[in-house]
>>> print(open('run-v3.cif').read())   # mmCIF, C-alpha atoms and all ligand atoms
data_model
loop_
_atom_site.label_atom_id
_atom_site.label_comp_id
_atom_site.auth_asym_id
_atom_site.auth_seq_id
_atom_site.Cartn_x
_atom_site.Cartn_y
_atom_site.Cartn_z
CA MET P 1 15.99 4.24 -10.55
CA SER P 2 19.35 5.13 -12.10
CA GLY P 3 20.19 1.52 -13.02
CA HIS P 4 23.90 1.76 -12.16
CA SER P 5 26.00 2.55 -9.14
CA ASP P 6 29.24 1.64 -7.39
CA ILE P 7 27.21 0.23 -4.48
CA VAL P 8 26.98 -3.57 -4.36
CA LEU P 9 23.26 -4.21 -3.88
CA VAL P 10 23.47 -8.01 -4.05
CA ASP P 11 26.69 -9.76 -2.95
CA GLU P 12 28.23 -12.90 -4.43
CA LYS P 13 26.20 -15.05 -2.00
CA GLY P 14 22.95 -13.47 -3.22
CA MET P 15 22.52 -11.41 0.00
CA ARG P 16 21.05 -7.94 -0.17
CA ILE P 17 22.37 -4.92 1.76
CA ASP P 18 19.71 -5.34 4.46
CA GLY P 19 20.51 -9.05 4.83
CA ARG P 20 17.56 -10.37 2.86
CA THR P 21 17.56 -13.04 0.15
CA ALA P 22 16.01 -12.21 -3.24
CA GLU P 23 12.64 -13.74 -2.29
CA GLU P 24 12.32 -12.15 1.18
CA HIS P 25 10.17 -9.12 1.92
CA ARG P 26 10.99 -6.65 4.68
CA ALA P 27 9.63 -7.07 8.22
CA VAL P 28 5.90 -6.32 8.36
CA LYS P 29 3.78 -4.99 11.21
CA ILE P 30 0.04 -4.37 10.79
CA GLU P 31 -2.38 -3.03 13.37
CA ALA P 32 -6.08 -2.43 12.72
CA GLY P 33 -8.27 0.13 14.48
CA VAL P 34 -5.63 2.55 15.70
CA LEU P 35 -7.68 5.77 15.48
CA LYS P 36 -10.79 6.41 17.59
CA ASN P 37 -12.45 9.06 15.43
CA ALA P 38 -12.25 7.46 12.00
CA ASP P 39 -14.78 4.80 10.93
CA GLY P 40 -11.86 2.47 10.25
CA SER P 41 -8.09 2.70 10.44
CA ALA P 42 -4.85 0.80 10.18
CA TYR P 43 -1.15 1.32 10.83
CA VAL P 44 1.39 -0.53 8.70
CA GLU P 45 5.17 -0.81 8.83
CA ILE P 46 6.99 -2.50 5.98
CA GLY P 47 10.70 -2.23 6.66
CA LYS P 48 11.32 1.46 7.35
CA ASN P 49 8.02 2.56 5.78
CA LYS P 50 5.47 3.78 8.32
CA VAL P 51 1.95 4.35 7.05
CA LEU P 52 -1.37 5.31 8.57
CA ALA P 53 -4.69 4.79 6.77
CA ALA P 54 -8.07 6.14 7.85
CA VAL P 55 -11.50 5.57 6.32
CA TYR P 56 -14.75 7.51 6.55
CA GLY P 57 -18.01 6.30 5.09
CA PRO P 58 -20.06 5.29 3.38
CA ARG P 59 -21.38 8.84 3.84
CA GLU P 60 -23.22 11.34 1.68
CA CYS P 61 -20.97 12.34 -1.19
CA HIS P 62 -19.88 15.97 -1.30
CA PRO P 63 -19.62 17.83 -3.60
CA ARG P 64 -22.97 16.48 -4.79
CA HIS P 65 -22.09 16.62 -8.49
CA LEU P 66 -19.67 13.74 -7.84
CA GLN P 67 -22.52 11.51 -6.65
CA ASN P 68 -23.26 8.40 -8.69
CA PRO P 69 -26.93 7.33 -8.47
CA THR P 70 -25.98 3.66 -8.95
CA LYS P 71 -23.03 3.22 -6.59
CA ALA P 72 -20.68 4.74 -4.04
CA ILE P 73 -17.56 6.48 -5.24
CA VAL P 74 -14.21 5.76 -3.66
CA GLN P 75 -12.10 8.87 -3.01
CA CYS P 76 -8.51 8.44 -1.92
CA LYS P 77 -5.94 10.93 -0.71
CA TYR P 78 -2.34 9.71 -0.50
CA ASN P 79 -0.13 12.18 1.31
CA MET P 80 3.58 12.03 1.97
CA GLU P 81 4.46 14.05 5.05
CA ALA P 82 7.21 16.68 4.74
CA TYR P 83 9.24 14.80 7.39
CA SER P 84 8.77 11.34 5.81
CA VAL P 85 11.92 11.49 3.68
CA GLY P 86 15.57 12.45 4.29
CA ASP P 87 15.36 15.88 2.70
CA ARG P 88 12.21 17.73 3.72
CA LYS P 89 9.56 17.11 1.06
CA ARG P 90 7.58 20.10 -0.15
CA PRO P 91 4.23 19.60 1.62
CA GLY P 92 0.95 19.20 -0.23
CA THR P 93 -0.40 17.62 -3.37
CA ASP P 94 1.90 16.98 -6.32
CA ARG P 95 1.60 14.95 -9.52
CA ARG P 96 2.97 11.85 -7.85
CA SER P 97 0.46 11.95 -4.98
CA ILE P 98 -2.42 12.55 -7.44
CA GLU P 99 -1.32 9.50 -9.45
CA ILE P 100 -0.96 7.27 -6.38
CA SER P 101 -4.32 8.43 -4.98
CA LYS P 102 -5.98 7.54 -8.31
CA ILE P 103 -4.46 4.08 -8.71
CA THR P 104 -5.19 3.26 -5.06
CA ALA P 105 -8.87 4.23 -5.38
CA GLU P 106 -9.15 2.22 -8.61
CA ALA P 107 -7.59 -0.85 -7.00
CA LEU P 108 -9.98 -0.64 -4.04
CA GLU P 109 -13.05 -0.14 -6.29
CA ASN P 110 -12.47 -3.70 -7.51
CA VAL P 111 -13.27 -5.17 -4.10
CA ILE P 112 -15.65 -2.72 -2.40
CA LEU P 113 -19.34 -3.54 -2.98
CA THR P 114 -20.02 0.03 -4.10
CA GLY P 115 -23.42 -0.92 -5.60
CA LEU P 116 -24.81 -1.21 -2.07
CA PHE P 117 -24.37 2.51 -1.40
CA PRO P 118 -25.75 4.68 -4.23
CA ARG P 119 -24.83 8.39 -4.01
CA ALA P 120 -22.40 7.76 -1.16
CA SER P 121 -18.69 8.41 -0.85
CA ILE P 122 -16.13 6.19 0.80
CA ASP P 123 -13.14 8.33 1.71
CA VAL P 124 -9.70 6.84 2.23
CA TYR P 125 -6.81 8.87 3.65
CA ILE P 126 -3.26 7.52 3.47
CA GLU P 127 -0.53 9.30 5.40
CA ILE P 128 3.07 8.32 4.73
CA LEU P 129 4.84 9.07 8.01
CA GLN P 130 8.17 7.57 6.98
CA ALA P 131 9.14 6.54 3.45
CA ASN P 132 11.73 4.03 2.26
CA ALA P 133 10.43 2.84 -1.17
CA GLY P 134 7.24 0.87 -1.65
CA THR P 135 4.95 3.40 -0.01
CA ARG P 136 2.16 3.06 -2.59
CA CYS P 137 2.02 -0.68 -1.79
CA ALA P 138 2.20 -0.12 1.97
CA GLY P 139 -0.51 2.56 1.64
CA LEU P 140 -2.87 0.29 -0.30
CA THR P 141 -2.21 -2.59 2.10
CA ALA P 142 -3.08 -0.31 5.05
CA ALA P 143 -6.14 1.16 3.28
CA SER P 144 -7.76 -2.20 2.67
CA VAL P 145 -7.31 -3.19 6.34
CA ALA P 146 -8.81 0.18 7.35
CA LEU P 147 -11.81 -0.44 5.04
CA ALA P 148 -12.39 -3.86 6.59
CA ASP P 149 -12.04 -2.27 10.05
CA ALA P 150 -14.74 0.25 9.04
CA GLY P 151 -17.04 -2.68 8.24
CA ILE P 152 -17.33 -1.73 4.58
CA PRO P 153 -18.58 -4.74 2.60
CA MET P 154 -15.84 -6.05 0.32
CA LYS P 155 -15.21 -9.14 -1.81
CA ASP P 156 -11.76 -9.44 -0.28
CA ILE P 157 -8.92 -7.33 1.09
CA VAL P 158 -6.09 -6.18 -1.15
CA PRO P 159 -2.42 -6.77 -0.34
CA ALA P 160 0.19 -4.93 -2.42
CA MET P 161 3.92 -5.52 -2.81
CA ALA P 162 6.53 -4.65 -5.41
CA ALA P 163 9.22 -6.77 -7.00
CA GLY P 164 11.99 -5.39 -9.17
CA LYS P 165 15.50 -5.71 -10.44
CA ALA P 166 18.77 -4.51 -8.93
CA ASP P 167 22.36 -5.53 -9.70
CA GLY P 168 20.87 -7.77 -12.42
CA HIS P 169 18.85 -9.83 -9.88
CA VAL P 170 15.07 -10.03 -9.64
CA LEU P 171 14.20 -9.08 -6.03
CA LEU P 172 11.08 -8.92 -3.89
CA ASP P 173 10.08 -5.70 -2.14
CA LEU P 174 12.84 -3.24 -3.08
CA ASN P 175 14.23 -0.97 -0.38
CA LYS P 176 15.25 2.63 -1.02
CA GLU P 177 18.81 1.87 -2.22
CA GLU P 178 17.56 -0.89 -4.53
CA ASP P 179 14.82 1.41 -5.81
CA ASN P 180 17.27 4.30 -6.37
CA TYR P 181 20.13 2.37 -7.95
CA GLY P 182 18.30 -0.65 -9.38
CA GLN P 183 17.04 -1.26 -12.90
CA ALA P 184 13.28 -1.82 -12.42
CA ASP P 185 10.44 -1.63 -9.93
CA VAL P 186 7.07 -3.37 -10.42
CA PRO P 187 4.42 -2.60 -7.78
CA LEU P 188 1.54 -5.07 -7.81
CA ALA P 189 -1.71 -5.61 -5.90
CA ILE P 190 -4.02 -8.61 -6.08
CA VAL P 191 -7.39 -9.86 -4.94
CA PRO P 192 -6.09 -13.02 -3.24
CA SER P 193 -9.29 -15.07 -3.55
CA THR P 194 -9.30 -14.73 -7.35
CA GLU P 195 -5.65 -13.76 -8.01
CA GLU P 196 -7.03 -10.87 -10.07
CA ILE P 197 -4.42 -8.13 -10.49
CA VAL P 198 -5.85 -4.75 -9.46
CA LEU P 199 -2.67 -2.67 -9.63
CA LEU P 200 0.35 -3.15 -11.85
CA GLN P 201 2.93 -0.52 -12.72
CA MET P 202 6.47 -0.65 -13.98
CA ASP P 203 9.35 1.76 -13.71
CA GLY P 204 12.60 0.80 -15.51
CA ASN P 205 13.47 -2.09 -17.79
CA MET P 206 13.59 -5.86 -17.53
CA THR P 207 13.34 -8.79 -19.93
CA ARG P 208 10.07 -10.66 -20.40
CA GLU P 209 11.44 -13.58 -18.34
CA GLU P 210 12.54 -11.25 -15.53
CA PHE P 211 9.14 -9.55 -15.61
CA ASP P 212 7.35 -12.91 -15.29
CA ARG P 213 9.61 -13.81 -12.36
CA ALA P 214 8.97 -10.42 -10.74
CA ILE P 215 5.20 -10.93 -11.02
CA GLU P 216 5.49 -14.42 -9.56
CA MET P 217 7.55 -13.10 -6.63
CA ALA P 218 5.24 -10.13 -6.00
CA VAL P 219 2.15 -12.38 -6.04
CA GLY P 220 3.89 -14.64 -3.49
CA GLY P 221 4.74 -11.61 -1.34
CA CYS P 222 1.14 -10.36 -1.57
CA LYS P 223 -0.14 -13.72 -0.33
CA GLU P 224 2.16 -13.56 2.71
CA LEU P 225 1.02 -10.01 3.37
CA TYR P 226 -2.64 -11.10 3.06
CA ALA P 227 -2.18 -13.57 5.93
CA LEU P 228 -0.75 -10.75 8.08
CA GLN P 229 -3.63 -8.42 7.14
CA LYS P 230 -6.15 -11.05 8.22
CA ASP P 231 -4.21 -11.69 11.47
CA ALA P 232 -4.36 -7.96 12.27
CA LEU P 233 -8.13 -7.89 11.76
CA LYS P 234 -8.60 -11.04 13.84
CA ARG P 235 -6.53 -9.53 16.67
CA ARG P 236 -8.66 -6.42 16.54
CA TYR P 237 -11.92 -8.34 16.83
CA THR P 238 -11.00 -11.05 19.33
CA VAL P 239 -11.73 -10.62 23.03
CA ASP P 240 -8.07 -10.04 23.93
CA GLY P 241 -7.73 -7.38 21.27
CA GLU P 242 -11.09 -5.81 22.11
CA GLU P 243 -11.09 -2.08 21.65
CA ASP P 244 -10.96 -0.07 24.82
CA ASP P 245 -13.23 2.94 24.37
CA SER P 246 -12.83 4.13 27.98
CA ASP P 247 -10.72 7.15 27.02
CA GLU P 248 -13.30 8.33 24.47
CA GLN P 249 -14.15 12.00 24.99
P1 LIG K 301 6.95 4.19 -3.79
O1 LIG K 301 7.15 4.82 -2.45
O2 LIG K 301 5.60 3.63 -3.99
O3 LIG K 301 8.06 3.20 -4.13
P2 LIG K 301 8.24 5.97 -5.70
O4 LIG K 301 8.89 4.88 -6.50
O5 LIG K 301 7.70 7.16 -6.42
O6 LIG K 301 7.03 5.37 -4.86
O7 LIG K 301 9.25 6.51 -4.61
C1 LIG K 301 10.23 5.69 -4.05
C2 LIG K 301 10.75 6.32 -2.80
O8 LIG K 301 11.41 7.54 -3.13
C3 LIG K 301 9.71 6.71 -1.78
O9 LIG K 301 9.26 5.63 -0.98
C4 LIG K 301 10.46 7.73 -0.98
O10 LIG K 301 11.35 7.09 -0.07
C5 LIG K 301 11.25 8.44 -2.06
N1 LIG K 301 10.55 9.66 -2.53
C6 LIG K 301 9.46 9.72 -3.30
N2 LIG K 301 9.08 11.01 -3.51
C7 LIG K 301 9.95 11.77 -2.84
C8 LIG K 301 10.13 13.19 -2.65
N3 LIG K 301 9.29 14.07 -3.20
N4 LIG K 301 11.17 13.61 -1.91
C9 LIG K 301 12.03 12.73 -1.35
N5 LIG K 301 11.93 11.39 -1.48
C10 LIG K 301 10.92 10.92 -2.22
#
>>> encode(input="run-v3.cif", output="structure tokens")
Amino acid sequence: MSGHSDIVLVDEKGMRIDGRTAEEHRAVKIEAGVLKNADGSAYVEIGKNKVLAAVYGPRECHPRHLQNPTKAIVQCKYNMEAYSVGDRKRPGTDRRSIEISKITAEALENVILTGLFPRASIDVYIEILQANAGTRCAGLTAASVALADAGIPMKDIVPAMAAGKADGHVLLDLNKEEDNYGQADVPLAIVPSTEEIVLLQMDGNMTREEFDRAIEMAVGGCKELYALQKDALKRRYTVDGEEDDSDEQ
């Protein structure tokens, strides 16, 4: 997020470098139940981002000292693969992945009925296979579909999308160039049924008015994503989309 560049990110007609208008998000593909051996799973593409989420649980929490006698804990591991970005990323946990794992678990704790499963752990794994800005949002979007696919009781599912500012324009769902050379990025996640905000971060600078517009755009984007999350779950559990377990070992 350098805030200045020679690249024109938004042309005089208001078009972005990937042909989108300010209010348009990237193409979205969501598939639920893609892994046989996890309790729940989902695959999500948002533009060039490719993300896999897998869920195990509720199961007995290990190590035991993490157990909460009143509710389940939600443990999340966000991992960006070495091959997910242009230059090979150093594999393994870093400060960024610890931060994203924490905010993702906290967002999901708002919707999971953890009180039903004392002492248990619900484990969420997010693998970023290909990254192009917005992976924390794509990861959270995939994770909540995977939780629903696992049959974990929840108040709602959580869509997440960022808005931001590039070339002085407030834009929905920044791509990598807009994220790199733009002025601000505001990832957001909501509980659609209540419009409660369960994740909100900001990188960069914008005015109060721009911030309000970014929130409005991101909430709109989340609602569109929510419809696609529900479609993916419906496809998974309708007769046509019925899971074929015949190749199970
Ligand atoms: P998000 O992916 O949620 O937007 P960031 O703003 O931290 O998170 O990262 C923006 C983008 O920068 C990522 O989607 C990815 O394309 C790239 N990126 C992040 N971390 C690395 C890294 N360690 N090496 C190379 N590229 C990275």
>>> residues_around(input="run-v3.cif", residues="Phe211 (chain P)", least_positions_apart="3", cutoff="10 Å", atoms="all atoms listed in the file", output="list in words")
Ala163, Gly164, Lys165, Val170, Ala184, Asp185, Val186, Met202, Asn205, Met206, Thr207, Arg208, Ala214, Ile215, Glu216 and Met217 of chain P
>>> closest_atom_pairs(input="run-v3.cif", of="chain P", to="ligand LIG 301 (chain K)", cutoff="8 Å", atoms="all atoms listed in the file", output="tab-separated table")
residue	atom	partner	partner_atom	distance
P:Asn49	CA	K:LIG301	O9	7.5
P:Met80	CA	K:LIG301	N2	7.8
P:Ser84	CA	K:LIG301	O10	7.7
P:Val85	CA	K:LIG301	N5	5.2
P:Gly86	CA	K:LIG301	C9	6.7
P:Asp87	CA	K:LIG301	C9	6.1
P:Arg88	CA	K:LIG301	N4	7.1
P:Lys89	CA	K:LIG301	N4	4.9
P:Arg90	CA	K:LIG301	N3	7.0
P:Arg96	CA	K:LIG301	O5	6.8
P:Ile100	CA	K:LIG301	O2	7.9
P:Gln130	CA	K:LIG301	O10	7.7
P:Ala131	CA	K:LIG301	O10	4.2
P:Asn132	CA	K:LIG301	O10	3.9
P:Ala133	CA	K:LIG301	O9	3.0
P:Gly134	CA	K:LIG301	O3	3.5
P:Thr135	CA	K:LIG301	O1	3.6
P:Arg136	CA	K:LIG301	O2	3.8
P:Cys137	CA	K:LIG301	O2	6.0
P:Ala138	CA	K:LIG301	O2	7.8
P:Lys176	CA	K:LIG301	O10	6.0
P:Asp179	CA	K:LIG301	C1	6.5
P:Asn180	CA	K:LIG301	O8	7.4
P:Asp185	CA	K:LIG301	O4	7.5
P:Pro187	CA	K:LIG301	O2	7.4
P:Asp203	CA	K:LIG301	O4	7.9
>>> atom_distance(input="run-v3.cif", atom1="CA of Glu196 (chain P)", atom2="CA of Gly221 (chain P)")
14.7 Å
>>> closest_residue(input="run-v3.cif", among="P:Asp173, P:Gly115, P:Ala218, P:Lys234", to="Thr21 (chain P)", atoms="all atoms listed in the file")
P:Asp173
>>> closest_residue(input="run-v3.cif", among="P:Ile190, P:Cys76, P:Thr114, P:Val158", to="Gln229 (chain P)", atoms="all atoms listed in the file")
P:Val158
>>> closest_residue(input="run-v3.cif", among="P:Lys48, P:Lys223, P:Lys29, P:Arg16", to="Asp167 (chain P)", atoms="only C-alpha atoms")
P:Arg16
>>> residues_around(input="run-v3.cif", residues="Ala166 (chain P)", least_positions_apart="6", cutoff="7 Å", atoms="only C-alpha atoms", output="ChimeraX atom specification")
/P:9,178,182-183
>>> write_last_selection(input="run-v3.cif", atoms="C-alpha atoms", output="compact mmCIF listing (two decimals), keeping the file's coordinate frame")
# COMPACT_ATOMS: atom_id res chain seq x y z
CA LEU P 9 23.26 -4.21 -3.88
CA GLU P 178 17.56 -0.89 -4.53
CA GLY P 182 18.30 -0.65 -9.38
CA GLN P 183 17.04 -1.26 -12.90
>>> closest_residue(input="run-v3.cif", among="P:Pro153, P:Pro118, P:Pro192, P:Gly14", to="Cys61 (chain P)", atoms="only C-alpha atoms")
P:Pro118
>>> closest_residue(input="run-v3.cif", among="P:Ala148, P:Val191, P:Leu174, P:Val111", to="Gly47 (chain P)", atoms="all atoms listed in the file")
P:Leu174
>>> atom_distance(input="run-v3.cif", atom1="CA of Arg235 (chain P)", atom2="CA of Tyr125 (chain P)")
22.5 Å
>>> closest_residue(input="run-v3.cif", among="P:Asp231, P:Glu23, P:Asp6, P:Glu127", to="Ala143 (chain P)", atoms="all atoms listed in the file")
P:Glu127
>>> atom_distance(input="run-v3.cif", atom1="CA of Val10 (chain P)", atom2="CA of Leu188 (chain P)")
22.4 Å
>>> residues_around(input="run-v3.cif", residues="Asp123 (chain P)", least_positions_apart="2", cutoff="12 Å", atoms="all atoms listed in the file", output="MDAnalysis selection string")
chainID P and resid 38:41 53:62 72:78 101 104:105 108:109 120:121 125:126 143:144 146:147 150 152
